[in-house]
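Heads up: the structure comes next, in structure tokens.
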Amino acid sequence: MNTAVRQQNSDLVWNLAKINQHKRAMGFIKQFENRFCVFSSSVRQLYTNYSIFFPEEAHRQMVILPDPYAFHDTFSYLNPDAVGSTGLHVIPGNLIGKQGLYLVISHKDKKVRSVPIPFQEGMRQILRRSNSDDPFLPVLMKGDLREFNDKLPCLHLHRLRLKELTGLSGLERESIRTVITDKLMNLYQQSSTFSLN
């Protein structure tokens, strides 16, 4: 199965070799399994139902396996240009001497410091925009599991822009918005139970 994934879609095999605290990173990303959708630009698909594996034979790799029995949970023919980097990261609070999860924007200009906001508050603000003409719909892509300031694992978030999915029908775009928004609502409600060890 893992070999098949590598042959068909390398975007679903993430190399974690650059992450120093490997076990902590594994635990961190598993908490977000099926809570963020995963986008593959190489095959132009969005996966909303998947499992995360760490194959023993593949040193420091993470494999995302879409549920083969839930093909309706995979959206195809998405324009890769509709997904862009945000600079927004989910970080453990102990990176900044606090408890819980936080959202922080990483600026290209290192002199600019953003103020971290509690994860639940950030999710609430994102959800508030979910019914707007330009909703903020976060997704994950290969490489989004990384270390923040070379210390602890964090998740970078990409953003899917519905308006740029011109190859999809209005119904398909609305289905994508609904799935991502429902997952965000679950994240918002359950984030206080996350472990940061």
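Identifiers in this document derive from the order of the structure tokens: chains are assigned A, B, ..., residues are numbered from 1 separately in each chain, and ligands are numbered from 1 in order of occurrence.
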
field: Nearby residues (only C-alpha atoms) at most 12 Å from Met141 of chain A, same-chain spacing under 4 positions excluded, as a ChimeraX atom specification
entry: /A:10-14,36-42,44-47,64,80,83-86,145-146,155-160

field: Using only C-alpha atoms: which of A:Pro92, A:Gly170, A:Met62, A:Leu103 has the shortest distance to Val115 of chain A
entry: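 Among the listed residues, the smallest separation from Val115 of chain A belongs to A:Leu103.
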
field: Residues of segment 63-95 of chain A in strand (DSSP E or B), written as a ChimeraX atom specification
entry: /A:63-66,74-75,83-92

Could those selected residues go to a file with all heavy atoms, as an mmCIF file, in the first residue's frame?
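The resulting file, part-v9.cif, is shown below:
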```cif
data_model
loop_
_atom_site.group_PDB
_atom_site.id
_atom_site.type_symbol
_atom_site.label_atom_id
_atom_site.label_comp_id
_atom_site.auth_asym_id
_atom_site.auth_seq_id
_atom_site.Cartn_x
_atom_site.Cartn_y
_atom_site.Cartn_z
ATOM 1 N N VAL A 63 3.170 8.996 6.072
ATOM 2 C CA VAL A 63 2.358 8.681 4.903
ATOM 3 C C VAL A 63 0.893 8.974 5.209
ATOM 4 O O VAL A 63 0.365 8.557 6.245
ATOM 5 C CB VAL A 63 2.521 7.196 4.493
ATOM 6 C CG1 VAL A 63 1.610 6.860 3.318
ATOM 7 C CG2 VAL A 63 3.967 6.900 4.151
ATOM 8 N N ILE A 64 0.256 9.697 4.314
ATOM 9 C CA ILE A 64 -1.175 9.983 4.422
ATOM 10 C C ILE A 64 -1.916 9.043 3.485
ATOM 11 O O ILE A 64 -1.661 9.039 2.268
ATOM 12 C CB ILE A 64 -1.461 11.451 4.061
ATOM 13 C CG1 ILE A 64 -0.817 12.370 5.109
ATOM 14 C CG2 ILE A 64 -2.960 11.709 3.954
ATOM 15 C CD1 ILE A 64 -0.837 13.824 4.740
ATOM 16 N N LEU A 65 -2.801 8.229 4.042
ATOM 17 C CA LEU A 65 -3.545 7.254 3.245
ATOM 18 C C LEU A 65 -5.031 7.615 3.220
ATOM 19 O O LEU A 65 -5.733 7.487 4.232
ATOM 20 C CB LEU A 65 -3.375 5.845 3.817
ATOM 21 C CG LEU A 65 -2.001 5.195 3.648
ATOM 22 C CD1 LEU A 65 -2.001 3.809 4.279
ATOM 23 C CD2 LEU A 65 -1.617 5.103 2.181
ATOM 24 N N PRO A 66 -5.523 8.082 2.081
ATOM 25 C CA PRO A 66 -6.963 8.353 1.962
ATOM 26 C C PRO A 66 -7.759 7.065 2.134
ATOM 27 O O PRO A 66 -7.288 5.984 1.766
ATOM 28 C CB PRO A 66 -7.104 8.897 0.533
ATOM 29 C CG PRO A 66 -5.722 9.354 0.170
ATOM 30 C CD PRO A 66 -4.777 8.440 0.877
ATOM 31 N N THR A 74 -13.161 12.487 -1.344
ATOM 32 C CA THR A 74 -12.034 13.073 -2.064
ATOM 33 C C THR A 74 -12.580 13.964 -3.180
ATOM 34 O O THR A 74 -13.420 13.542 -3.973
ATOM 35 C CB THR A 74 -11.140 11.978 -2.671
ATOM 36 O OG1 THR A 74 -10.562 11.203 -1.615
ATOM 37 C CG2 THR A 74 -10.023 12.594 -3.505
ATOM 38 N N PHE A 75 -12.111 15.209 -3.207
ATOM 39 C CA PHE A 75 -12.523 16.152 -4.255
ATOM 40 C C PHE A 75 -11.409 16.254 -5.282
ATOM 41 O O PHE A 75 -10.240 16.452 -4.932
ATOM 42 C CB PHE A 75 -12.817 17.530 -3.659
ATOM 43 C CG PHE A 75 -14.003 17.548 -2.739
ATOM 44 C CD1 PHE A 75 -13.834 17.328 -1.380
ATOM 45 C CD2 PHE A 75 -15.283 17.773 -3.228
ATOM 46 C CE1 PHE A 75 -14.930 17.340 -0.514
ATOM 47 C CE2 PHE A 75 -16.382 17.782 -2.375
ATOM 48 C CZ PHE A 75 -16.205 17.565 -1.013
ATOM 49 N N VAL A 83 -4.719 27.200 -4.036
ATOM 50 C CA VAL A 83 -4.192 26.931 -2.689
ATOM 51 C C VAL A 83 -2.882 27.676 -2.510
ATOM 52 O O VAL A 83 -1.958 27.535 -3.317
ATOM 53 C CB VAL A 83 -3.974 25.420 -2.477
ATOM 54 C CG1 VAL A 83 -3.423 25.147 -1.080
ATOM 55 C CG2 VAL A 83 -5.280 24.663 -2.676
ATOM 56 N N GLY A 84 -2.819 28.500 -1.463
ATOM 57 C CA GLY A 84 -1.616 29.292 -1.240
ATOM 58 C C GLY A 84 -1.164 29.271 0.207
ATOM 59 O O GLY A 84 -1.945 28.996 1.119
ATOM 60 N N SER A 85 0.115 29.577 0.396
ATOM 61 C CA SER A 85 0.696 29.646 1.731
ATOM 62 C C SER A 85 0.131 30.837 2.493
ATOM 63 O O SER A 85 -0.175 31.877 1.905
ATOM 64 C CB SER A 85 2.214 29.767 1.611
ATOM 65 O OG SER A 85 2.809 29.937 2.871
ATOM 66 N N THR A 86 -0.009 30.686 3.807
ATOM 67 C CA THR A 86 -0.557 31.782 4.618
ATOM 68 C C THR A 86 0.451 32.374 5.593
ATOM 69 O O THR A 86 0.284 33.495 6.042
ATOM 70 C CB THR A 86 -1.759 31.298 5.455
ATOM 71 O OG1 THR A 86 -1.302 30.316 6.405
ATOM 72 C CG2 THR A 86 -2.848 30.702 4.577
ATOM 73 N N GLY A 87 1.481 31.605 5.952
ATOM 74 C CA GLY A 87 2.394 32.058 7.005
ATOM 75 C C GLY A 87 1.807 31.864 8.390
ATOM 76 O O GLY A 87 2.439 32.181 9.392
ATOM 77 N N LEU A 88 0.583 31.314 8.439
ATOM 78 C CA LEU A 88 -0.092 31.073 9.717
ATOM 79 C C LEU A 88 0.300 29.703 10.253
ATOM 80 O O LEU A 88 0.248 28.713 9.524
ATOM 81 C CB LEU A 88 -1.608 31.148 9.513
ATOM 82 C CG LEU A 88 -2.494 31.096 10.758
ATOM 83 C CD1 LEU A 88 -2.253 32.304 11.652
ATOM 84 C CD2 LEU A 88 -3.966 31.041 10.349
ATOM 85 N N HIS A 89 0.712 29.660 11.528
ATOM 86 C CA HIS A 89 1.158 28.412 12.143
ATOM 87 C C HIS A 89 0.356 28.095 13.398
ATOM 88 O O HIS A 89 0.004 29.003 14.157
ATOM 89 C CB HIS A 89 2.634 28.499 12.540
ATOM 90 C CG HIS A 89 3.570 28.604 11.380
ATOM 91 N ND1 HIS A 89 3.780 29.784 10.706
ATOM 92 C CD2 HIS A 89 4.356 27.665 10.781
ATOM 93 C CE1 HIS A 89 4.665 29.566 9.734
ATOM 94 N NE2 HIS A 89 5.028 28.299 9.764
ATOM 95 N N VAL A 90 0.072 26.804 13.584
ATOM 96 C CA VAL A 90 -0.455 26.309 14.856
ATOM 97 C C VAL A 90 0.750 25.897 15.683
ATOM 98 O O VAL A 90 1.536 25.036 15.253
ATOM 99 C CB VAL A 90 -1.394 25.096 14.659
ATOM 100 C CG1 VAL A 90 -1.954 24.640 16.004
ATOM 101 C CG2 VAL A 90 -2.509 25.424 13.680
ATOM 102 N N ILE A 91 0.925 26.505 16.858
ATOM 103 C CA ILE A 91 2.105 26.205 17.678
ATOM 104 C C ILE A 91 1.687 25.773 19.078
ATOM 105 O O ILE A 91 0.631 26.175 19.576
ATOM 106 C CB ILE A 91 3.051 27.424 17.777
ATOM 107 C CG1 ILE A 91 2.377 28.573 18.547
ATOM 108 C CG2 ILE A 91 3.494 27.884 16.400
ATOM 109 C CD1 ILE A 91 3.318 29.705 18.914
ATOM 110 N N PRO A 92 2.524 24.971 19.743
ATOM 111 C CA PRO A 92 2.274 24.647 21.148
ATOM 112 C C PRO A 92 2.543 25.893 21.999
ATOM 113 O O PRO A 92 3.518 26.614 21.772
ATOM 114 C CB PRO A 92 3.301 23.550 21.464
ATOM 115 C CG PRO A 92 3.846 23.102 20.149
ATOM 116 C CD PRO A 92 3.700 24.253 19.219
#
```

task: From chain A, collect each residue whose DSSP state is helix (DSSP H, G or I) and return the set as an MDAnalysis selection string.
output: chainID A and resid 2:8 10:12 22:30 71:73 80:82 93:96 119:128 162:164 170:193

Which neighbours of Asn131 of chain A fall inside 12 Å, counting only C-alpha atoms, when residues of the same chain fewer than 3 positions from it are skipped, and could you give them as a PDB file with C-alpha atoms, in the first residue's frame?
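Contents of part.pdb, as written:
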```pdb
ATOM      1  CA  GLN A 125     -12.449  34.308  13.995  1.00  0.00           C
ATOM      2  CA  ILE A 126     -11.903  32.006  11.021  1.00  0.00           C
ATOM      3  CA  LEU A 127     -15.337  30.418  11.457  1.00  0.00           C
ATOM      4  CA  ARG A 128     -16.919  33.855  11.586  1.00  0.00           C
ATOM      5  CA  ASP A 134     -14.163  34.841   0.570  1.00  0.00           C
ATOM      6  CA  PRO A 135     -14.017  32.348   3.465  1.00  0.00           C
ATOM      7  CA  PHE A 136     -10.704  31.390   5.073  1.00  0.00           C
ATOM      8  CA  LEU A 137     -10.484  27.645   4.461  1.00  0.00           C
ATOM      9  CA  LEU A 162     -13.147  28.858  -3.399  1.00  0.00           C
ATOM     10  CA  GLU A 174     -20.209  24.479  -1.479  1.00  0.00           C
ATOM     11  CA  ARG A 177     -16.727  24.743   2.126  1.00  0.00           C
ATOM     12  CA  THR A 178     -19.092  22.663   4.272  1.00  0.00           C
ATOM     13  CA  ILE A 180     -13.746  22.198   5.869  1.00  0.00           C
ATOM     14  CA  THR A 181     -16.002  24.360   8.024  1.00  0.00           C
TER      15      THR A 181
END
```

- request: Please provide as a list in words all residues within 12 Å of Asn149 of chain A, with the sequence filter that same-chain residues fewer than 6 positions apart are discarded (counting only C-alpha atoms).
  value: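 Listed by chain and then number, they are Ile19, Asn20, His89, Ile91, Leu95, Ile96, Ser106 and Lys110 of chain A.
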
Residue neighbourhood Asn34 of chain A, 8 Å, only C-alpha atoms, exclusion window fewer than 2 positions, as a list in words: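 Once the adjacent positions are removed, what remains is Phe32, Phe36, Cys37, Thr48, Asn49, Tyr50, Ser51 and Lys183 of chain A.
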